[in-house]
Amino acid sequence: MRDVAVIGIGIQKWGELWDRSLRDLWVEAAQNAINDAGVDHIDTMYVGAMSPGLFVGQEHLSSLCADYLGVTPVAATRVESACCSGGMAMRSGFIEVASGMADIALVSGVEKMTDVDGGGATFALATAADGDYEVYNGVTFPGLYAMMAQDYMHRFGLTREELAAVPVKSHANGALNPHAQFQHPTTVEGVVNSVMVADPLTIMDCSPITDGAAAAILCPLEMAKDFAKGRPIIKVSGVGAATDTIALHSRKDFSTLNATVVAARRAYDMAGVGPDDIDFAEVHDCFSIAEVITSEDIGFFEKGTGGKAAAAGETALNGKRPVNTSGGLKSKGHPVGATGVGQIHELVTQLRGDAGERQLKTAKRGLAQNMGGSGGSAVVHILEVV
Amino acid sequence: MASVPGYWRERAQRLRYEGNKCESCDEVYFPPRRSCGIKCDEELKPHTLSTTGKVLTYTVIRVAPTQFVDEAPYAVAICEMDGGGRITAQLVDCPFENIKIGMPVRIEFRLIQKDGHHGILMYGYKVVPV
């Protein structure tokens, strides 16, 4: 298996982009990544998207995207794993380059979510849960994560105010990210007193509905210096993916996301490093409680201590364990299929030292954790400067 | 997006709570599965869920999906049934402030959804305090 590098990244400002179509968004991100890398062709491409059929009535993104980027007859594949479709597209591109099947891979994700109303978006997103045994009985995605939060707070004594520290930190970081959907700070009172969605989670614990795309270019590590242009060379040193039960009720523990635990362990093993060797992480904070649980499940904190650590500032930009420097899904936005590649965009930005006001002092090795549904699938990538 | 055949197919679970159980590892499955995975080679035997159990965790849904909008706010709980097997169900006939993790509950046969004004009525299980 060949070593693989990320040589280009592309994105746009995410948000409610009424004047932009799915193909507009995707092509812009892909062109930005191609220009950033300086490649003159691509050998293969992967498009992560959760549900373009339900959101905009369009499937067959492999052809659509290759056509509108002007790269037909390139080999192209759509990848779907609910909210970790983007991360799984990244993994698919990694595998193809590592195997020697292709040299230059475009990996990407996109979701155009605002063409449907709130009910339509809720319906599309709910297809990531167990339709017959969860959704049928009236549970929602905020409801599933709220049940994790109830269990976690009951067992580990996390308070409502402490949990609010997560979105407060996310918005503080997002305010420094020009690509973020929400670029304004918030407060603990602002989170706790906002509209209740599913007890104990308020609207400010929930990631938003977002239009957006992100892309990256991968190549064999040995070719990466040809595209470095004086920038750091960034190796994909660890990749891990795993699954868990589709229904939350089938899990033995509602405060641990085992697919993330296993995916992280696989990525650490491949990279030959552990959690203490990671300078920062982008994790899948679709809800505030998800950031708490996943920051523990990737090994940054002991189980039951992640919420208190966030409340103590340990995950802030100047903390010991920076998490979601981009603003996370909460503030940067969550165009579901694009989110995993958006996380890769943030890792590369930090590793290159290009993160501006939110740049970390030490950023040599970063981790991205992306998951689908209530954690039924997960993928973890470790990127490092070599 | 209700499908009549889809509703009909699940009747043994929705109305009679039929699952199954692995003779090898004692795992109870609801709905029933064809396989306990590659770790167990024993046959799965029919197992009907007990109608009594306890709340493992819960929430109150205040922003509901379209087909449940008229019922919001409503409580939803994950319940472990006595003798094994877990369900996600609405917890009804109970003030929200009285809901506690660990509280005993009982399954009742209830109307779950209506497919618009002219479609089928879809029944199933909800839980109530014991």
# chains A, B, ... in the order shown; residues from 1 in each chain; ligands from 1

call {"tool": "residues_around", "arguments": {"residues": "region 43-56 of chain B", "least_positions_apart": "5", "cutoff": "10 Å", "atoms": "only C-alpha atoms", "output": "number ranges by chain"}}
result
A: 147, 150-151, 249, 254; B: 12-13, 16-24, 26-36, 76-88, 91, 99-108, 125, 127-130

call {"tool": "residues_around", "arguments": {"residues": "Cys286 (chain A)", "least_positions_apart": "6", "cutoff": "8 Å", "atoms": "only C-alpha atoms", "output": "list of chain:residue names"}}
result
A:Cys206, A:Ser207, A:Leu329, A:Lys330, A:His334

call {"tool": "interface_residues", "arguments": {"of": "chain A", "to": "chain B", "cutoff": "12 Å", "atoms": "only C-alpha atoms", "output": "CSV table (one decimal) with N, CA and C atoms, in the first residue's frame"}}
result
chain,number,residue,atom,x,y,z
A,117,ASP,N,-38.6,22.3,2.8
A,117,ASP,CA,-39.0,23.0,4.0
A,117,ASP,C,-38.5,22.2,5.2
A,118,GLY,N,-38.7,22.7,6.4
A,118,GLY,CA,-38.2,22.0,7.6
A,118,GLY,C,-38.7,20.6,7.7
A,119,GLY,N,-40.0,20.3,7.4
A,119,GLY,CA,-40.5,19.0,7.4
A,119,GLY,C,-39.8,18.1,6.4
A,120,GLY,N,-39.6,18.6,5.2
A,120,GLY,CA,-38.9,17.8,4.2
A,120,GLY,C,-37.5,17.5,4.6
A,121,ALA,N,-36.8,18.4,5.2
A,121,ALA,CA,-35.4,18.2,5.7
A,121,ALA,C,-35.4,17.2,6.8
A,122,THR,N,-36.4,17.3,7.8
A,122,THR,CA,-36.5,16.4,8.9
A,122,THR,C,-36.7,15.0,8.4
A,123,PHE,N,-37.6,14.9,7.4
A,123,PHE,CA,-37.9,13.5,6.8
A,123,PHE,C,-36.6,12.9,6.1
A,124,ALA,N,-35.9,13.7,5.4
A,124,ALA,CA,-34.7,13.2,4.7
A,124,ALA,C,-33.7,12.8,5.7
A,125,LEU,N,-33.4,13.6,6.7
A,125,LEU,CA,-32.4,13.3,7.7
A,125,LEU,C,-32.8,12.0,8.5
A,126,ALA,N,-34.1,11.9,8.8
A,126,ALA,CA,-34.6,10.8,9.6
A,126,ALA,C,-34.3,9.4,8.9
A,127,THR,N,-34.1,9.5,7.6
A,127,THR,CA,-33.9,8.2,6.9
A,127,THR,C,-32.5,7.6,7.3
A,129,ALA,N,-31.9,7.0,10.5
A,129,ALA,CA,-32.3,6.2,11.7
A,129,ALA,C,-33.0,5.0,11.2
A,130,ASP,N,-33.5,4.2,12.2
A,130,ASP,CA,-34.2,3.0,11.8
A,130,ASP,C,-35.7,3.4,11.5
A,131,GLY,N,-36.0,3.3,10.3
A,131,GLY,CA,-37.3,3.9,9.9
A,131,GLY,C,-38.5,3.1,10.5
A,132,ASP,N,-38.4,1.8,10.6
A,132,ASP,CA,-39.6,1.0,11.1
A,132,ASP,C,-39.7,1.0,12.6
A,133,TYR,N,-38.5,1.2,13.3
A,133,TYR,CA,-38.5,1.0,14.7
A,133,TYR,C,-38.1,2.2,15.6
A,134,GLU,N,-37.7,3.2,14.9
A,134,GLU,CA,-37.4,4.5,15.7
A,134,GLU,C,-38.3,5.6,15.1
A,135,VAL,N,-38.2,5.9,13.8
A,135,VAL,CA,-38.9,7.0,13.2
A,135,VAL,C,-40.4,6.8,13.2
A,136,TYR,N,-40.8,5.6,13.0
A,136,TYR,CA,-42.3,5.2,13.0
A,136,TYR,C,-42.9,5.7,14.3
A,137,ASN,N,-42.2,5.6,15.4
A,137,ASN,CA,-42.8,5.9,16.7
A,137,ASN,C,-42.6,7.3,17.1
A,138,GLY,N,-42.1,8.2,16.2
A,138,GLY,CA,-42.1,9.6,16.4
A,138,GLY,C,-40.8,10.2,16.9
A,139,VAL,N,-39.7,9.4,17.0
A,139,VAL,CA,-38.5,10.0,17.4
A,139,VAL,C,-37.8,10.8,16.3
A,140,THR,N,-37.1,11.8,16.6
A,140,THR,CA,-36.4,12.6,15.7
A,140,THR,C,-34.9,12.5,15.9
A,141,PHE,N,-34.0,13.1,15.1
A,141,PHE,CA,-32.6,13.0,15.3
A,141,PHE,C,-32.2,13.8,16.6
A,142,PRO,N,-32.7,15.0,16.7
A,142,PRO,CA,-32.5,15.7,18.0
A,142,PRO,C,-32.9,14.8,19.2
A,143,GLY,N,-34.0,14.1,19.0
A,143,GLY,CA,-34.6,13.3,20.1
A,143,GLY,C,-33.6,12.1,20.4
A,144,LEU,N,-33.0,11.5,19.4
A,144,LEU,CA,-32.0,10.4,19.7
A,144,LEU,C,-30.8,11.0,20.5
A,145,TYR,N,-30.3,12.1,20.0
A,145,TYR,CA,-29.1,12.7,20.7
A,145,TYR,C,-29.5,13.2,22.1
A,146,ALA,N,-30.8,13.7,22.2
A,146,ALA,CA,-31.3,14.1,23.5
A,146,ALA,C,-31.3,12.9,24.5
A,147,MET,N,-31.7,11.7,24.0
A,147,MET,CA,-31.7,10.6,24.9
A,147,MET,C,-30.3,10.2,25.3
A,148,MET,N,-29.3,10.4,24.4
A,148,MET,CA,-27.9,10.2,24.8
A,148,MET,C,-27.5,11.2,25.9
A,149,ALA,N,-28.0,12.4,25.7
A,149,ALA,CA,-27.6,13.5,26.7
A,149,ALA,C,-28.3,13.2,28.0
A,150,GLN,N,-29.5,12.7,28.1
A,150,GLN,CA,-30.2,12.4,29.3
A,150,GLN,C,-29.4,11.3,30.1
A,151,ASP,N,-29.0,10.3,29.3
A,151,ASP,CA,-28.2,9.2,29.9
A,151,ASP,C,-26.9,9.7,30.4
A,152,TYR,N,-26.2,10.5,29.6
A,152,TYR,CA,-24.9,11.0,30.0
A,152,TYR,C,-25.0,11.9,31.2
A,153,MET,N,-25.9,12.8,31.2
A,153,MET,CA,-26.0,13.7,32.3
A,153,MET,C,-26.4,13.0,33.6
A,154,HIS,N,-27.3,12.0,33.5
A,154,HIS,CA,-27.7,11.2,34.6
A,154,HIS,C,-26.5,10.4,35.2
A,155,ARG,N,-25.7,9.9,34.4
A,155,ARG,CA,-24.6,9.0,34.9
A,155,ARG,C,-23.4,9.8,35.3
A,195,VAL,N,-34.9,28.1,22.1
A,195,VAL,CA,-36.1,27.2,22.0
A,195,VAL,C,-35.7,25.7,22.3
A,196,MET,N,-36.5,25.1,23.1
A,196,MET,CA,-36.3,23.7,23.4
A,196,MET,C,-36.7,22.8,22.2
A,197,VAL,N,-35.8,21.9,21.7
A,197,VAL,CA,-36.1,21.1,20.6
A,197,VAL,C,-36.5,19.7,21.1
A,198,ALA,N,-35.6,19.1,21.9
A,198,ALA,CA,-35.9,17.8,22.5
A,198,ALA,C,-35.1,17.8,23.8
A,199,ASP,N,-35.8,17.7,24.9
A,199,ASP,CA,-35.2,17.9,26.2
A,199,ASP,C,-34.0,17.0,26.5
A,200,PRO,N,-32.9,17.4,26.9
A,200,PRO,CA,-32.5,18.8,27.3
A,200,PRO,C,-31.9,19.7,26.2
A,201,LEU,N,-32.0,19.3,24.9
A,201,LEU,CA,-31.3,20.0,23.9
A,201,LEU,C,-32.2,21.2,23.3
A,202,THR,N,-31.6,22.4,23.3
A,202,THR,CA,-32.2,23.5,22.7
A,202,THR,C,-31.7,23.7,21.2
A,203,ILE,N,-32.3,24.6,20.5
A,203,ILE,CA,-32.0,24.8,19.1
A,203,ILE,C,-30.5,25.2,19.0
A,247,ALA,N,-30.2,1.3,15.2
A,247,ALA,CA,-31.1,1.9,16.2
A,247,ALA,C,-30.3,2.1,17.5
A,248,LEU,N,-30.5,3.3,18.1
A,248,LEU,CA,-29.8,3.6,19.3
A,248,LEU,C,-30.2,2.6,20.4
A,249,HIS,N,-31.5,2.2,20.4
A,249,HIS,CA,-31.9,1.3,21.5
A,249,HIS,C,-31.2,0.0,21.6
A,250,SER,N,-30.6,-0.4,20.5
A,250,SER,CA,-29.9,-1.7,20.4
A,250,SER,C,-28.5,-1.7,21.1
A,251,ARG,N,-28.0,-0.5,21.5
A,251,ARG,CA,-26.7,-0.3,22.0
A,251,ARG,C,-26.7,-0.6,23.5
A,252,LYS,N,-25.5,-1.2,24.0
A,252,LYS,CA,-25.4,-1.5,25.4
A,252,LYS,C,-25.2,-0.2,26.2
A,253,ASP,N,-24.6,0.8,25.6
A,253,ASP,CA,-24.2,2.0,26.3
A,253,ASP,C,-24.6,3.2,25.4
A,254,PHE,N,-25.5,4.1,26.0
A,254,PHE,CA,-25.9,5.2,25.2
A,254,PHE,C,-25.0,6.4,25.3
A,255,SER,N,-24.0,6.3,26.1
A,255,SER,CA,-23.0,7.4,26.3
A,255,SER,C,-21.7,7.1,25.6

call {"tool": "residues_around", "arguments": {"residues": "Ala368 (chain A)", "least_positions_apart": "2", "cutoff": "6 Å", "atoms": "only C-alpha atoms", "output": "number ranges by chain"}}
result
A: 281-283, 380-381

call {"tool": "write_last_selection", "arguments": {"atoms": "N, CA and C atoms", "output": "short mmCIF file (atom, residue, chain, number, x, y, z; two decimals), in the first residue's frame"}}
result
data_model
loop_
_atom_site.label_atom_id
_atom_site.label_comp_id
_atom_site.auth_asym_id
_atom_site.auth_seq_id
_atom_site.Cartn_x
_atom_site.Cartn_y
_atom_site.Cartn_z
N ALA A 281 -8.43 18.28 16.98
CA ALA A 281 -9.38 17.39 16.30
C ALA A 281 -10.60 18.16 15.81
N GLU A 282 -11.12 17.70 14.68
CA GLU A 282 -12.45 18.10 14.23
C GLU A 282 -13.34 16.89 14.49
N VAL A 283 -14.38 17.05 15.31
CA VAL A 283 -15.28 15.94 15.60
C VAL A 283 -16.70 16.30 15.17
N VAL A 380 -12.61 7.90 10.78
CA VAL A 380 -11.61 8.77 11.41
C VAL A 380 -10.39 8.85 10.51
N HIS A 381 -9.90 10.07 10.29
CA HIS A 381 -8.66 10.28 9.53
C HIS A 381 -7.65 11.00 10.42
#

call {"tool": "atom_distance", "arguments": {"atom1": "CA of Ser3 (chain B)", "atom2": "CA of Asp115 (chain A)"}}
result
24.9 Å

call {"tool": "select_by_dssp", "arguments": {"residues": "region 10-237 of chain A", "states": "helix (DSSP H, G or I)", "output": "JSON, numbers by chain"}}
result
{"A": [22, 23, 24, 25, 26, 27, 28, 29, 30, 31, 32, 33, 34, 35, 36, 37, 52, 53, 54, 55, 56, 61, 62, 63, 64, 65, 66, 67, 68, 69, 85, 86, 87, 88, 89, 90, 91, 92, 93, 94, 95, 96, 97, 98, 99, 118, 119, 120, 121, 122, 123, 124, 125, 126, 135, 136, 137, 141, 142, 143, 144, 145, 146, 147, 148, 149, 150, 151, 152, 153, 154, 155, 156, 160, 161, 162, 163, 164, 165, 166, 167, 168, 169, 170, 171, 172, 173, 174, 188, 189, 190, 191, 192, 203, 204, 205, 221, 222, 223, 224, 225, 226, 227]}
